[in-house]
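Novice: The structure file upload_30.cif (mmCIF, C-alpha atoms and all ligand atoms) is provided below.
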data_protein
loop_
_atom_site.label_atom_id
_atom_site.label_comp_id
_atom_site.auth_asym_id
_atom_site.auth_seq_id
_atom_site.Cartn_x
_atom_site.Cartn_y
_atom_site.Cartn_z
CA MET A 1 61.58 85.34 111.22
CA THR A 2 63.05 86.62 107.97
CA LYS A 3 62.23 85.23 104.55
CA LYS A 4 65.37 84.77 102.50
CA THR A 5 64.79 86.01 98.98
CA PHE A 6 66.79 86.54 95.82
CA PRO A 7 65.67 89.01 93.15
CA LEU A 8 66.26 86.82 90.05
CA SER A 9 64.51 83.67 88.83
CA LYS A 10 66.59 80.68 87.71
CA LYS A 11 66.10 81.66 84.06
CA GLU A 12 67.15 85.26 84.70
CA LEU A 13 70.15 84.10 86.72
CA GLU A 14 71.22 81.67 83.98
CA ALA A 15 71.15 84.58 81.51
CA VAL A 16 73.33 86.68 83.82
CA ALA A 17 75.75 83.77 84.33
CA GLU A 18 76.11 83.39 80.56
CA ARG A 19 77.45 86.95 80.38
CA PHE A 20 79.38 86.84 83.64
CA PRO A 21 80.49 83.32 84.58
CA THR A 22 80.18 82.28 88.22
CA PRO A 23 81.23 82.94 90.88
CA PHE A 24 80.13 86.57 91.32
CA TYR A 25 78.64 88.92 93.86
CA ILE A 26 75.43 90.64 92.85
CA TYR A 27 73.90 93.65 94.65
CA ASP A 28 70.33 94.93 94.33
CA GLU A 29 70.51 98.70 93.75
CA GLN A 30 66.83 99.43 94.32
CA ALA A 31 66.70 97.44 97.57
CA ILE A 32 69.78 99.31 98.86
CA ARG A 33 68.25 102.69 97.97
CA GLU A 34 64.96 101.81 99.67
CA ASN A 35 66.79 100.64 102.77
CA VAL A 36 68.81 103.87 102.96
CA ARG A 37 65.62 105.89 102.67
CA ARG A 38 64.14 103.93 105.59
CA VAL A 39 67.27 104.62 107.69
CA ASN A 40 67.18 108.35 106.88
CA ALA A 41 63.45 108.59 107.59
CA ALA A 42 63.81 106.83 110.95
CA PHE A 43 66.68 109.09 112.06
CA SER A 44 64.91 112.27 110.90
CA VAL A 45 63.55 112.58 114.48
CA PHE A 46 66.94 114.05 115.48
CA PRO A 47 68.00 117.68 114.87
CA SER A 48 70.43 116.46 112.20
CA TYR A 49 71.59 113.05 111.00
CA ILE A 50 74.06 111.46 108.63
CA ASN A 51 75.29 107.90 108.22
CA HIS A 52 78.93 107.73 107.18
CA PHE A 53 78.78 104.37 105.37
CA ALA A 54 81.63 102.13 106.52
CA VAL A 55 83.63 101.88 103.29
CA LYS A 56 85.35 98.74 104.57
CA ALA A 57 82.03 96.89 104.31
CA THR A 58 81.61 97.28 100.54
CA PRO A 59 84.52 99.23 99.06
CA ASN A 60 83.16 99.71 95.56
CA PRO A 61 82.71 103.22 94.05
CA ALA A 62 79.48 102.19 92.29
CA ILE A 63 77.94 101.34 95.66
CA LEU A 64 79.43 104.41 97.37
CA ARG A 65 77.97 106.67 94.66
CA ILE A 66 74.49 105.21 95.16
CA LEU A 67 74.79 105.82 98.89
CA ARG A 68 76.07 109.35 98.31
CA GLU A 69 73.09 110.08 96.06
CA GLU A 70 70.82 108.96 98.89
CA GLY A 71 72.52 111.34 101.34
CA PHE A 72 75.04 109.10 103.07
CA GLY A 73 78.66 110.01 103.63
CA ALA A 74 81.64 107.71 104.16
CA ASP A 75 83.48 106.28 107.14
CA CYS A 76 87.08 105.60 106.10
CA SER A 77 89.75 103.72 107.99
CA SER A 78 92.75 103.99 105.67
CA LEU A 79 94.36 106.03 102.89
CA THR A 80 92.88 103.77 100.23
CA GLU A 81 89.41 104.13 101.67
CA LEU A 82 89.85 107.92 101.66
CA LEU A 83 90.81 107.70 97.98
CA LEU A 84 87.74 105.52 97.30
CA ALA A 85 85.48 108.06 99.00
CA GLU A 86 87.07 110.85 96.96
CA MET A 87 86.64 108.99 93.65
CA SER A 88 83.00 108.37 94.58
CA GLY A 89 82.40 112.10 95.08
CA VAL A 90 82.23 111.97 98.88
CA THR A 91 84.34 114.77 100.35
CA GLY A 92 84.57 117.27 103.21
CA GLU A 93 82.81 116.61 106.48
CA ARG A 94 80.68 113.91 104.89
CA ILE A 95 83.77 111.77 105.47
CA MET A 96 84.63 110.61 108.94
CA PHE A 97 88.15 109.22 109.25
CA THR A 98 88.26 106.59 112.00
CA SER A 99 91.59 104.83 111.98
CA ASN A 100 94.07 103.58 114.53
CA GLU A 101 97.88 103.54 114.69
CA THR A 102 97.48 106.06 111.88
CA PRO A 103 100.44 107.09 109.69
CA SER A 104 100.85 110.84 109.11
CA ALA A 105 100.29 110.41 105.34
CA GLU A 106 96.75 109.22 106.09
CA TYR A 107 96.05 112.18 108.38
CA ARG A 108 97.40 114.44 105.65
CA LYS A 109 95.00 113.04 103.05
CA ALA A 110 92.09 113.25 105.52
CA ARG A 111 92.90 116.93 106.15
CA GLU A 112 93.26 117.61 102.43
CA LEU A 113 89.76 116.20 101.87
CA GLY A 114 88.35 118.18 104.82
CA ALA A 115 87.27 114.93 106.51
CA ILE A 116 86.37 114.85 110.19
CA ILE A 117 89.28 113.14 111.89
CA ASN A 118 88.33 110.82 114.74
CA LEU A 119 91.32 110.47 117.07
CA ASP A 120 91.99 106.99 118.42
CA ASP A 121 94.51 107.84 121.12
CA PHE A 122 95.60 110.66 123.41
CA THR A 123 99.13 110.65 121.95
CA HIS A 124 97.67 111.38 118.52
CA ILE A 125 96.74 114.89 119.63
CA GLU A 126 100.43 115.78 119.62
CA PHE A 127 101.17 113.55 116.61
CA LEU A 128 98.46 115.21 114.52
CA GLU A 129 99.50 118.70 115.66
CA LYS A 130 103.16 118.07 114.79
CA THR A 131 102.60 116.32 111.46
CA VAL A 132 99.66 118.01 109.76
CA GLY A 133 98.34 120.55 112.28
CA LEU A 134 95.10 120.55 114.24
CA PRO A 135 91.92 121.15 112.24
CA GLU A 136 88.96 123.24 113.38
CA ILE A 137 86.89 120.14 114.17
CA LEU A 138 87.98 116.89 115.82
CA ALA A 139 86.22 113.81 117.13
CA ILE A 140 87.41 111.51 119.87
CA ARG A 141 86.84 107.76 119.83
CA TYR A 142 85.74 106.82 123.31
CA ASN A 143 86.33 103.33 124.69
CA PRO A 144 83.96 102.91 127.65
CA GLY A 145 85.98 99.97 129.00
CA PRO A 146 84.18 98.27 131.90
CA LEU A 147 81.08 100.46 131.47
CA LYS A 148 79.96 98.49 128.41
CA LEU A 149 80.09 94.86 127.35
CA GLY A 150 80.95 94.15 123.73
CA ASN A 151 79.90 91.05 121.84
CA SER A 152 81.58 88.00 120.39
CA ILE A 153 82.74 89.50 117.09
CA ILE A 154 84.09 92.81 118.37
CA GLY A 155 85.19 91.57 121.82
CA ASN A 156 85.15 93.19 125.23
CA PRO A 157 85.90 96.97 125.26
CA VAL A 158 88.40 96.52 128.12
CA GLU A 159 90.46 94.25 125.87
CA ALA A 160 89.95 96.36 122.74
CA LYS A 161 92.88 98.37 121.39
CA TYR A 162 90.66 101.25 120.31
CA GLY A 163 89.92 104.67 121.69
CA PHE A 164 90.48 106.91 124.70
CA THR A 165 89.54 105.97 128.27
CA ARG A 166 86.89 108.08 129.97
CA GLU A 167 89.47 110.23 131.80
CA GLN A 168 91.57 110.63 128.66
CA THR A 169 88.51 111.77 126.71
CA LEU A 170 87.79 114.55 129.23
CA GLU A 171 91.45 115.54 129.39
CA GLY A 172 91.87 115.31 125.61
CA LEU A 173 88.87 117.51 124.87
CA ALA A 174 90.07 120.13 127.37
CA LEU A 175 93.54 120.06 125.81
CA LEU A 176 92.20 120.36 122.26
CA LYS A 177 90.09 123.33 123.33
CA LYS A 178 93.17 124.97 124.82
CA LYS A 179 95.02 124.38 121.57
CA GLY A 180 92.35 126.24 119.59
CA VAL A 181 90.15 123.45 118.23
CA LYS A 182 86.64 124.91 117.90
CA ARG A 183 84.24 122.04 117.19
CA PHE A 184 84.06 118.65 118.88
CA ALA A 185 82.40 115.28 118.48
CA LEU A 186 82.32 112.03 120.42
CA HIS A 187 82.33 108.56 118.87
CA THR A 188 82.22 104.98 120.04
CA MET A 189 82.04 101.55 118.44
CA VAL A 190 81.36 98.80 120.92
CA ALA A 191 79.49 96.05 119.11
CA SER A 192 79.29 94.15 115.88
CA ASN A 193 76.29 92.45 114.31
CA GLU A 194 74.08 93.13 117.33
CA LEU A 195 70.37 92.55 116.71
CA LYS A 196 69.14 93.63 120.15
CA THR A 197 67.65 97.12 119.96
CA ASP A 198 68.16 97.65 123.69
CA TYR A 199 71.90 97.22 123.30
CA HIS A 200 72.06 100.14 120.87
CA ILE A 201 69.80 102.28 123.03
CA GLU A 202 72.05 101.67 126.04
CA THR A 203 75.03 102.75 123.95
CA GLY A 204 73.16 105.95 123.09
CA ARG A 205 72.37 106.62 126.75
CA LEU A 206 76.00 106.06 127.72
CA LEU A 207 77.17 108.61 125.15
CA PHE A 208 74.41 111.12 125.83
CA GLU A 209 75.13 111.06 129.57
CA PHE A 210 78.83 111.45 128.84
CA ALA A 211 78.08 114.45 126.60
CA VAL A 212 76.38 116.13 129.57
CA GLU A 213 79.34 115.35 131.82
CA ILE A 214 81.72 116.70 129.15
CA LYS A 215 79.76 119.96 129.06
CA GLN A 216 79.81 120.24 132.85
CA LYS A 217 83.51 119.42 133.24
CA THR A 218 85.03 121.13 130.18
CA GLY A 219 82.44 123.66 129.07
CA ILE A 220 82.39 121.99 125.63
CA SER A 221 79.04 121.51 123.91
CA LEU A 222 79.62 118.67 121.48
CA GLU A 223 78.46 119.29 117.91
CA PHE A 224 77.50 115.67 117.33
CA ILE A 225 77.70 112.16 118.66
CA ASN A 226 78.63 109.30 116.37
CA LEU A 227 76.91 106.19 117.70
CA GLY A 228 79.19 104.00 115.58
CA ALA A 229 77.82 100.89 113.95
CA GLY A 230 77.31 97.25 114.81
CA VAL A 231 73.63 97.02 113.97
CA GLY A 232 73.10 93.39 113.06
CA ILE A 233 71.24 91.75 110.20
CA PRO A 234 69.16 88.59 110.29
CA TYR A 235 71.65 86.11 108.85
CA LYS A 236 69.47 83.19 109.96
CA PRO A 237 65.86 82.84 108.83
CA GLU A 238 64.82 82.63 112.49
CA ASP A 239 66.44 86.03 113.25
CA THR A 240 64.45 89.25 113.22
CA ALA A 241 65.83 92.46 111.74
CA VAL A 242 66.26 95.56 113.89
CA ASN A 243 63.21 97.80 113.50
CA TYR A 244 64.66 101.22 112.65
CA GLU A 245 61.63 103.20 113.87
CA ASN A 246 61.58 101.37 117.22
CA LEU A 247 65.29 102.02 117.59
CA THR A 248 65.19 105.73 116.78
CA SER A 249 62.02 106.52 118.72
CA ALA A 250 63.48 104.90 121.84
CA LEU A 251 66.79 106.68 121.29
CA LYS A 252 64.97 109.99 120.86
CA GLU A 253 63.24 109.47 124.21
CA VAL A 254 66.64 109.06 125.88
CA PHE A 255 67.93 112.06 123.91
CA ASP A 256 65.06 114.23 125.20
CA GLU A 257 65.43 112.93 128.74
CA VAL A 258 69.20 113.37 129.00
CA LEU A 259 70.35 116.03 126.56
CA THR A 260 67.52 118.53 126.33
CA PRO A 261 67.56 119.55 130.04
CA ALA A 262 71.35 119.98 129.78
CA GLY A 263 71.02 122.51 126.97
CA LEU A 264 72.21 120.07 124.32
CA ALA A 265 68.97 119.70 122.36
CA GLY A 266 70.67 120.69 119.09
CA LEU A 267 73.24 117.88 119.16
CA GLY A 268 73.51 116.04 115.85
CA ILE A 269 73.45 112.27 115.51
CA HIS A 270 75.83 110.46 113.21
CA THR A 271 76.27 106.73 112.62
CA GLU A 272 78.68 104.66 110.54
CA TRP A 273 76.61 101.63 109.66
CA GLY A 274 77.90 99.28 107.01
CA ARG A 275 76.41 95.81 107.42
CA ALA A 276 72.80 96.92 107.96
CA VAL A 277 72.97 99.15 104.86
CA THR A 278 74.11 96.72 102.17
CA GLY A 279 74.46 93.32 103.89
CA PRO A 280 71.05 91.82 103.08
CA TYR A 281 71.11 93.15 99.50
CA GLY A 282 74.17 91.32 98.22
CA TRP A 283 74.48 87.64 97.28
CA LEU A 284 77.38 85.40 96.24
CA VAL A 285 76.37 83.18 93.34
CA THR A 286 78.47 80.07 92.87
CA ARG A 287 78.03 76.93 90.79
CA ALA A 288 78.19 73.40 92.15
CA VAL A 289 81.01 71.79 90.17
CA HIS A 290 81.84 68.60 92.07
CA ARG A 291 80.25 66.21 94.50
CA LYS A 292 82.12 63.89 96.80
CA ASN A 293 80.81 61.21 99.15
CA ILE A 294 83.21 60.01 101.85
CA TYR A 295 82.35 60.08 105.56
CA ARG A 296 80.17 63.07 104.70
CA LYS A 297 78.59 64.31 101.51
CA TYR A 298 80.36 67.32 99.99
CA ILE A 299 79.35 69.76 97.29
CA GLY A 300 82.37 71.54 95.79
CA VAL A 301 81.58 74.99 94.40
CA ASP A 302 83.54 77.40 92.20
CA ALA A 303 83.78 80.07 94.94
CA SER A 304 86.02 79.62 97.96
CA MET A 305 86.76 81.29 101.28
CA ALA A 306 88.99 83.63 99.25
CA ASP A 307 85.73 85.17 98.00
CA LEU A 308 83.89 85.06 101.33
CA MET A 309 85.78 84.28 104.50
CA ARG A 310 83.17 84.99 107.20
CA PRO A 311 82.11 81.33 107.61
CA ALA A 312 85.73 80.17 107.91
CA MET A 313 86.82 83.07 110.09
CA TYR A 314 83.96 83.34 112.57
CA GLY A 315 81.94 80.21 111.88
CA ALA A 316 79.38 82.72 110.57
CA TYR A 317 76.11 81.37 109.22
CA HIS A 318 75.14 82.38 105.70
CA HIS A 319 71.87 81.06 104.38
CA ILE A 320 72.14 79.10 101.12
CA THR A 321 69.40 78.51 98.58
CA VAL A 322 69.61 76.63 95.30
CA SER A 323 68.35 78.60 92.31
CA GLY A 324 65.12 77.04 91.00
CA LYS A 325 64.90 74.64 93.96
CA GLU A 326 63.60 77.14 96.52
CA ASP A 327 60.58 74.96 97.28
CA ALA A 328 62.24 71.54 96.86
CA PRO A 329 62.40 69.25 99.92
CA PHE A 330 65.59 69.37 101.99
CA SER A 331 66.43 65.74 101.27
CA GLU A 332 70.21 65.94 101.70
CA VAL A 333 72.79 66.97 104.28
CA TYR A 334 75.92 68.51 102.74
CA ASP A 335 79.08 70.36 103.57
CA VAL A 336 79.35 73.04 100.86
CA VAL A 337 83.04 73.63 100.25
CA GLY A 338 85.50 75.68 98.21
CA SER A 339 88.81 74.51 96.73
CA ILE A 340 91.34 76.05 99.14
CA CYS A 341 93.70 73.71 100.97
CA GLU A 342 92.19 74.56 104.36
CA ASN A 343 89.52 72.39 105.88
CA CYS A 344 87.72 75.51 107.12
CA ASP A 345 86.98 76.44 103.49
CA LYS A 346 83.31 75.60 103.98
CA PHE A 347 80.31 77.81 103.26
CA ALA A 348 78.02 75.42 105.13
CA VAL A 349 78.60 72.49 107.43
CA GLN A 350 76.10 69.63 107.67
CA ARG A 351 73.42 71.83 106.10
CA ASN A 352 70.00 70.53 105.07
CA LEU A 353 69.61 71.32 101.38
CA PRO A 354 67.77 70.01 98.32
CA ALA A 355 69.62 67.42 96.20
CA ILE A 356 72.24 69.35 94.23
CA GLU A 357 73.44 68.62 90.68
CA ALA A 358 77.15 69.25 90.25
CA ASP A 359 78.68 70.07 86.87
CA GLU A 360 81.20 72.69 85.74
CA VAL A 361 78.86 73.99 83.03
CA SER A 362 75.33 73.05 84.00
CA GLY A 363 75.51 72.41 87.75
CA ASP A 364 73.06 74.03 90.14
CA MET A 365 73.71 77.62 91.10
CA LEU A 366 73.91 78.16 94.85
CA ILE A 367 72.98 81.54 96.26
CA ILE A 368 74.80 82.53 99.42
CA HIS A 369 72.75 85.20 101.18
CA ASP A 370 73.54 88.35 103.17
CA VAL A 371 77.01 88.97 101.80
CA GLY A 372 76.49 92.58 100.72
CA ALA A 373 78.77 93.82 103.52
CA HIS A 374 82.09 92.44 104.77
CA GLY A 375 81.87 89.84 101.98
CA ARG A 376 83.98 90.45 98.86
CA ALA A 377 85.86 93.08 100.88
CA MET A 378 87.44 90.50 103.17
CA GLY A 379 88.64 88.32 100.30
CA PHE A 380 92.26 87.33 99.82
CA ASN A 381 94.57 85.50 97.41
CA TYR A 382 95.90 82.53 99.38
CA ASN A 383 96.48 79.44 97.19
CA GLY A 384 96.77 81.87 94.27
CA LYS A 385 92.99 82.21 94.24
CA LEU A 386 91.63 84.99 92.07
CA ARG A 387 88.79 86.87 93.72
CA CYS A 388 85.49 87.06 91.91
CA GLY A 389 83.85 90.14 90.41
CA GLU A 390 80.82 92.17 91.45
CA LEU A 391 77.60 92.89 89.56
CA LEU A 392 74.87 95.43 90.14
CA LEU A 393 71.21 94.69 89.45
CA HIS A 394 69.40 97.90 88.52
CA ALA A 395 65.73 98.80 89.08
CA ASP A 396 64.91 98.10 85.39
CA GLY A 397 66.26 94.54 85.68
CA SER A 398 69.50 95.22 83.79
CA VAL A 399 72.80 94.02 85.25
CA THR A 400 76.16 95.75 85.00
CA GLN A 401 79.60 94.66 86.11
CA ILE A 402 81.00 96.98 88.78
CA ARG A 403 84.19 95.03 89.39
CA ARG A 404 85.70 92.42 87.10
CA LYS A 405 87.15 89.13 88.25
CA GLU A 406 90.84 89.18 89.09
CA THR A 407 93.29 87.73 86.56
CA PRO A 408 96.73 86.14 87.09
CA ALA A 409 98.22 89.43 85.82
CA ASP A 410 96.56 91.29 88.72
CA LEU A 411 98.22 88.91 91.13
CA PHE A 412 101.64 89.15 89.49
CA ALA A 413 101.53 92.95 89.05
CA THR A 414 103.43 93.53 92.28
CA PHE A 415 106.47 91.35 91.47
C1 LIG B 501 85.14 101.79 113.24
C2 LIG B 501 84.09 101.04 112.52
N1 LIG B 501 83.00 101.69 112.07
C3 LIG B 501 82.02 101.05 111.41
C4 LIG B 501 82.08 99.70 111.14
C5 LIG B 501 80.96 99.06 110.38
O1 LIG B 501 80.26 98.15 111.16
P1 LIG B 501 78.99 97.40 110.61
O2 LIG B 501 79.30 96.99 109.23
O3 LIG B 501 78.81 96.26 111.53
O4 LIG B 501 77.84 98.34 110.63
C6 LIG B 501 83.17 98.97 111.58
C7 LIG B 501 83.24 97.53 111.31
O5 LIG B 501 84.14 96.82 111.46
C8 LIG B 501 84.20 99.65 112.28
O6 LIG B 501 85.29 99.00 112.71
#
The structure given in the file should be rewritten as structure tokens.
Specialist:
Amino acid sequence: MTKKTFPLSKKELEAVAERFPTPFYIYDEQAIRENVRRVNAAFSVFPSYINHFAVKATPNPAILRILREEGFGADCSSLTELLLAEMSGVTGERIMFTSNETPSAEYRKARELGAIINLDDFTHIEFLEKTVGLPEILAIRYNPGPLKLGNSIIGNPVEAKYGFTREQTLEGLALLKKKGVKRFALHTMVASNELKTDYHIETGRLLFEFAVEIKQKTGISLEFINLGAGVGIPYKPEDTAVNYENLTSALKEVFDEVLTPAGLAGLGIHTEWGRAVTGPYGWLVTRAVHRKNIYRKYIGVDASMADLMRPAMYGAYHHITVSGKEDAPFSEVYDVVGSICENCDKFAVQRNLPAIEADEVSGDMLIIHDVGAHGRAMGFNYNGKLRCGELLLHADGSVTQIRRKETPADLFATF
């Protein structure tokens, strides 16, 4: 079970909304920092560790700087994400560049920053060599295919477009060694939003055993393994968060069992978590502006799926509370909807909630939980919708704007 909380009282939230009208995202800086410290402490059982935060989850320099200060790097998937990492002060091998169907301009920028390039396909060995040259260190993204089942969001590895097959990984590493590459790493990414600790431990075992086979077959001792991401968060109150210490102590046991006897005890562990880092510490605040009773009861809010598309895209559950009515009885059943001309523009379907007052100025403020990752980032502009801004709540209770709302001029700037 997970208690769904929000760091501001109704009065405090009203004061924020007077300065920054709804809808907006708000992130809790202190809670993010404390979470990162817990992650780093749990992984300190390994010879070395770094999480390259998945920039795609929360691509905001203010957030990336906080994470950098706490020792995280960045996982980038595009040129723009590389630029964001650079402007946030994350450079060199603290950046891992995991992209696919990559244009040469993106490889060039990754090399310029000294990022660790993670190759997605065998043909990219030649492509990289021809276009920007081979760096001293390279990682290979391994797709275990039938050896591992994915989950519903990421899909089955056999059907996934990413990575090298097992044979290609062995062949690719041998080829890179022949071509003069000196340092090597292995990466995989097989799940998304997975709460089962065992799943992640099995992924570790798969990679550790492969590292031993790689050493036996190619003579290459990998420098590190990137376990990827996909650690879930408890979106539903009945879900339980992954216990970091349980995860890392079990992984360390497998590490000692598999890698140490093979002479690989010094292997570093990297991850590229996004969701588990910031997800639970971001909320979308939106005001109830209309109510409509037809065959169902609807509450229309001032945010839409343009601000948060996970519910529409995956049917994802996001918990909703009503500011100031946290303890009120759930007397109503509503669909909570945005204003886009798509019937999937619903933040909640047939959800039990307290009675909600709707008014453009004084309506109840709804708090949509667990949107600190893959929330604002997945927004879009369909129906000419202008995406909302982002706020940061600091440890002293002050709030600053870290991204303003879009304006029509932003939308028309590309004409
Ligand atoms: C390659 C890669 N790394 C890391 C992540 C971050 O995953 P999560 O936010 O679930 O931790 C993703 C998510 O889509 C990804 O595609």
Novice: Anything within 10 Å of (82.6, 73.1, 108.3): list those residues as a compact mmCIF listing (two decimals) with C-alpha atoms, in the coordinates of the input, counting all atoms listed in the file and sticking to the file's coordinates.
Specialist:
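And here's point08.txt as it stands now:
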# COMPACT_ATOMS: atom_id res chain seq x y z
CA PRO A 311 82.11 81.33 107.61
CA ALA A 312 85.73 80.17 107.91
CA GLY A 315 81.94 80.21 111.88
CA TYR A 334 75.92 68.51 102.74
CA ASP A 335 79.08 70.36 103.57
CA VAL A 336 79.35 73.04 100.86
CA VAL A 337 83.04 73.63 100.25
CA ASN A 343 89.52 72.39 105.88
CA CYS A 344 87.72 75.51 107.12
CA ASP A 345 86.98 76.44 103.49
CA LYS A 346 83.31 75.60 103.98
CA PHE A 347 80.31 77.81 103.26
CA ALA A 348 78.02 75.42 105.13
CA VAL A 349 78.60 72.49 107.43
CA GLN A 350 76.10 69.63 107.67
CA ARG A 351 73.42 71.83 106.10
Novice: May I have a table of the residues of chain A lying at most 6 Å from ligand LIG 501 (chain B), giving each one's closest pair of atoms and their distance in Å to one decimal, counting all atoms listed in the file, ordered by chain and ascending residue number, as JSON lines?
Specialist:
{"residue": "A:Ala54", "atom": "CA", "partner": "B:LIG501", "partner_atom": "C5", "distance": 5.0}
{"residue": "A:Ala57", "atom": "CA", "partner": "B:LIG501", "partner_atom": "O2", "distance": 5.6}
{"residue": "A:Thr98", "atom": "CA", "partner": "B:LIG501", "partner_atom": "C1", "distance": 5.9}
{"residue": "A:Ser192", "atom": "CA", "partner": "B:LIG501", "partner_atom": "O3", "distance": 4.9}
{"residue": "A:Asn193", "atom": "CA", "partner": "B:LIG501", "partner_atom": "O3", "distance": 5.3}
{"residue": "A:Gly228", "atom": "CA", "partner": "B:LIG501", "partner_atom": "N1", "distance": 5.7}
{"residue": "A:Ala229", "atom": "CA", "partner": "B:LIG501", "partner_atom": "O4", "distance": 4.2}
{"residue": "A:Gly230", "atom": "CA", "partner": "B:LIG501", "partner_atom": "O3", "distance": 3.7}
{"residue": "A:Val231", "atom": "CA", "partner": "B:LIG501", "partner_atom": "O4", "distance": 5.5}
{"residue": "A:Glu272", "atom": "CA", "partner": "B:LIG501", "partner_atom": "C3", "distance": 5.0}
{"residue": "A:Trp273", "atom": "CA", "partner": "B:LIG501", "partner_atom": "O4", "distance": 3.6}
{"residue": "A:Gly274", "atom": "CA", "partner": "B:LIG501", "partner_atom": "O2", "distance": 3.5}
{"residue": "A:Arg275", "atom": "CA", "partner": "B:LIG501", "partner_atom": "O2", "distance": 3.6}
{"residue": "A:Ala276", "atom": "CA", "partner": "B:LIG501", "partner_atom": "O4", "distance": 5.9}
Novice: Tell me which protein, DNA and RNA residues are within 9 Å of region 138-150 of chain A, counting all atoms listed in the file, leaving out same-chain ones fewer than 5 positions away, and put them as a CSV table (one decimal) with C-alpha atoms, keeping the file's coordinate frame.
Specialist:
chain,number,residue,atom,x,y,z
A,96,MET,CA,84.6,110.6,108.9
A,98,THR,CA,88.3,106.6,112.0
A,116,ILE,CA,86.4,114.8,110.2
A,117,ILE,CA,89.3,113.1,111.9
A,118,ASN,CA,88.3,110.8,114.7
A,119,LEU,CA,91.3,110.5,117.1
A,120,ASP,CA,92.0,107.0,118.4
A,121,ASP,CA,94.5,107.8,121.1
A,122,PHE,CA,95.6,110.7,123.4
A,155,GLY,CA,85.2,91.6,121.8
A,156,ASN,CA,85.2,93.2,125.2
A,157,PRO,CA,85.9,97.0,125.3
A,158,VAL,CA,88.4,96.5,128.1
A,159,GLU,CA,90.5,94.2,125.9
A,160,ALA,CA,90.0,96.4,122.7
A,161,LYS,CA,92.9,98.4,121.4
A,162,TYR,CA,90.7,101.2,120.3
A,163,GLY,CA,89.9,104.7,121.7
A,164,PHE,CA,90.5,106.9,124.7
A,165,THR,CA,89.5,106.0,128.3
A,166,ARG,CA,86.9,108.1,130.0
A,168,GLN,CA,91.6,110.6,128.7
A,169,THR,CA,88.5,111.8,126.7
A,172,GLY,CA,91.9,115.3,125.6
A,173,LEU,CA,88.9,117.5,124.9
A,176,LEU,CA,92.2,120.4,122.3
A,181,VAL,CA,90.2,123.4,118.2
A,182,LYS,CA,86.6,124.9,117.9
A,183,ARG,CA,84.2,122.0,117.2
A,184,PHE,CA,84.1,118.6,118.9
A,185,ALA,CA,82.4,115.3,118.5
A,186,LEU,CA,82.3,112.0,120.4
A,187,HIS,CA,82.3,108.6,118.9
A,188,THR,CA,82.2,105.0,120.0
A,189,MET,CA,82.0,101.6,118.4
A,190,VAL,CA,81.4,98.8,120.9
A,191,ALA,CA,79.5,96.0,119.1
A,192,SER,CA,79.3,94.2,115.9
A,202,GLU,CA,72.0,101.7,126.0
A,203,THR,CA,75.0,102.8,124.0
A,206,LEU,CA,76.0,106.1,127.7
A,207,LEU,CA,77.2,108.6,125.2
A,224,PHE,CA,77.5,115.7,117.3
A,225,ILE,CA,77.7,112.2,118.7
A,226,ASN,CA,78.6,109.3,116.4
Novice: Ranking A:Val277, A:Cys341, A:Ile220, A:Ala31 by minimum distance to Ala241 (chain A) and counting all atoms listed in the file, which one comes first?
Specialist: A:Val277
Novice: Quick one: pull the distance between CA of Lys4 (chain A) and CA of Met378 (chain A), Å, one decimal.
Specialist: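 Separating CA of Lys4 (chain A) from CA of Met378 (chain A) is a distance of 22.8 Å.
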Novice: May I ask for the distance between CA of Thr260 (chain A) and CA of Glu93 (chain A), given in Å to one decimal place?
Specialist: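 Spanning CA of Thr260 (chain A) to CA of Glu93 (chain A) is a straight-line distance of 25.1 Å.
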Novice: Taking all atoms listed in the file into account, which of A:Leu83, A:Leu247, A:Ser78, A:Ser88 comes nearest Tyr107 (chain A)?
Specialist: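 Of all the options, A:Ser78 lies closest to Tyr107 (chain A).
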Novice: Could you tell me how far CA of Asn383 (chain A) lies from CA of Ile340 (chain A), in Å and to one decimal?
Specialist: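 CA of Asn383 (chain A) sits 6.5 Å away from CA of Ile340 (chain A).
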Novice: Could you give me, as a list of chain:residue names, the residues within 12 Å of Gly397 (chain A), counting all atoms listed in the file and dropping anything in the same chain fewer than 4 positions from it?
Specialist: A:Pro7, A:Leu8, A:Ser9, A:Glu12, A:Leu13, A:Ala15, A:Val16, A:Tyr27, A:Asp28, A:Glu29, A:Gln30, A:Leu392, A:Leu393
Novice: Quick one: everything within 10 Å of region 353-368 of chain A, counting all atoms listed in the file, minus sequence neighbours fewer than 4 positions away in the same chain. Send it as an MDAnalysis selection string.
Specialist: chainID A and resid 5:6 10 13:14 17 21:23 25 282:292 299:302 308 317:336 347:348
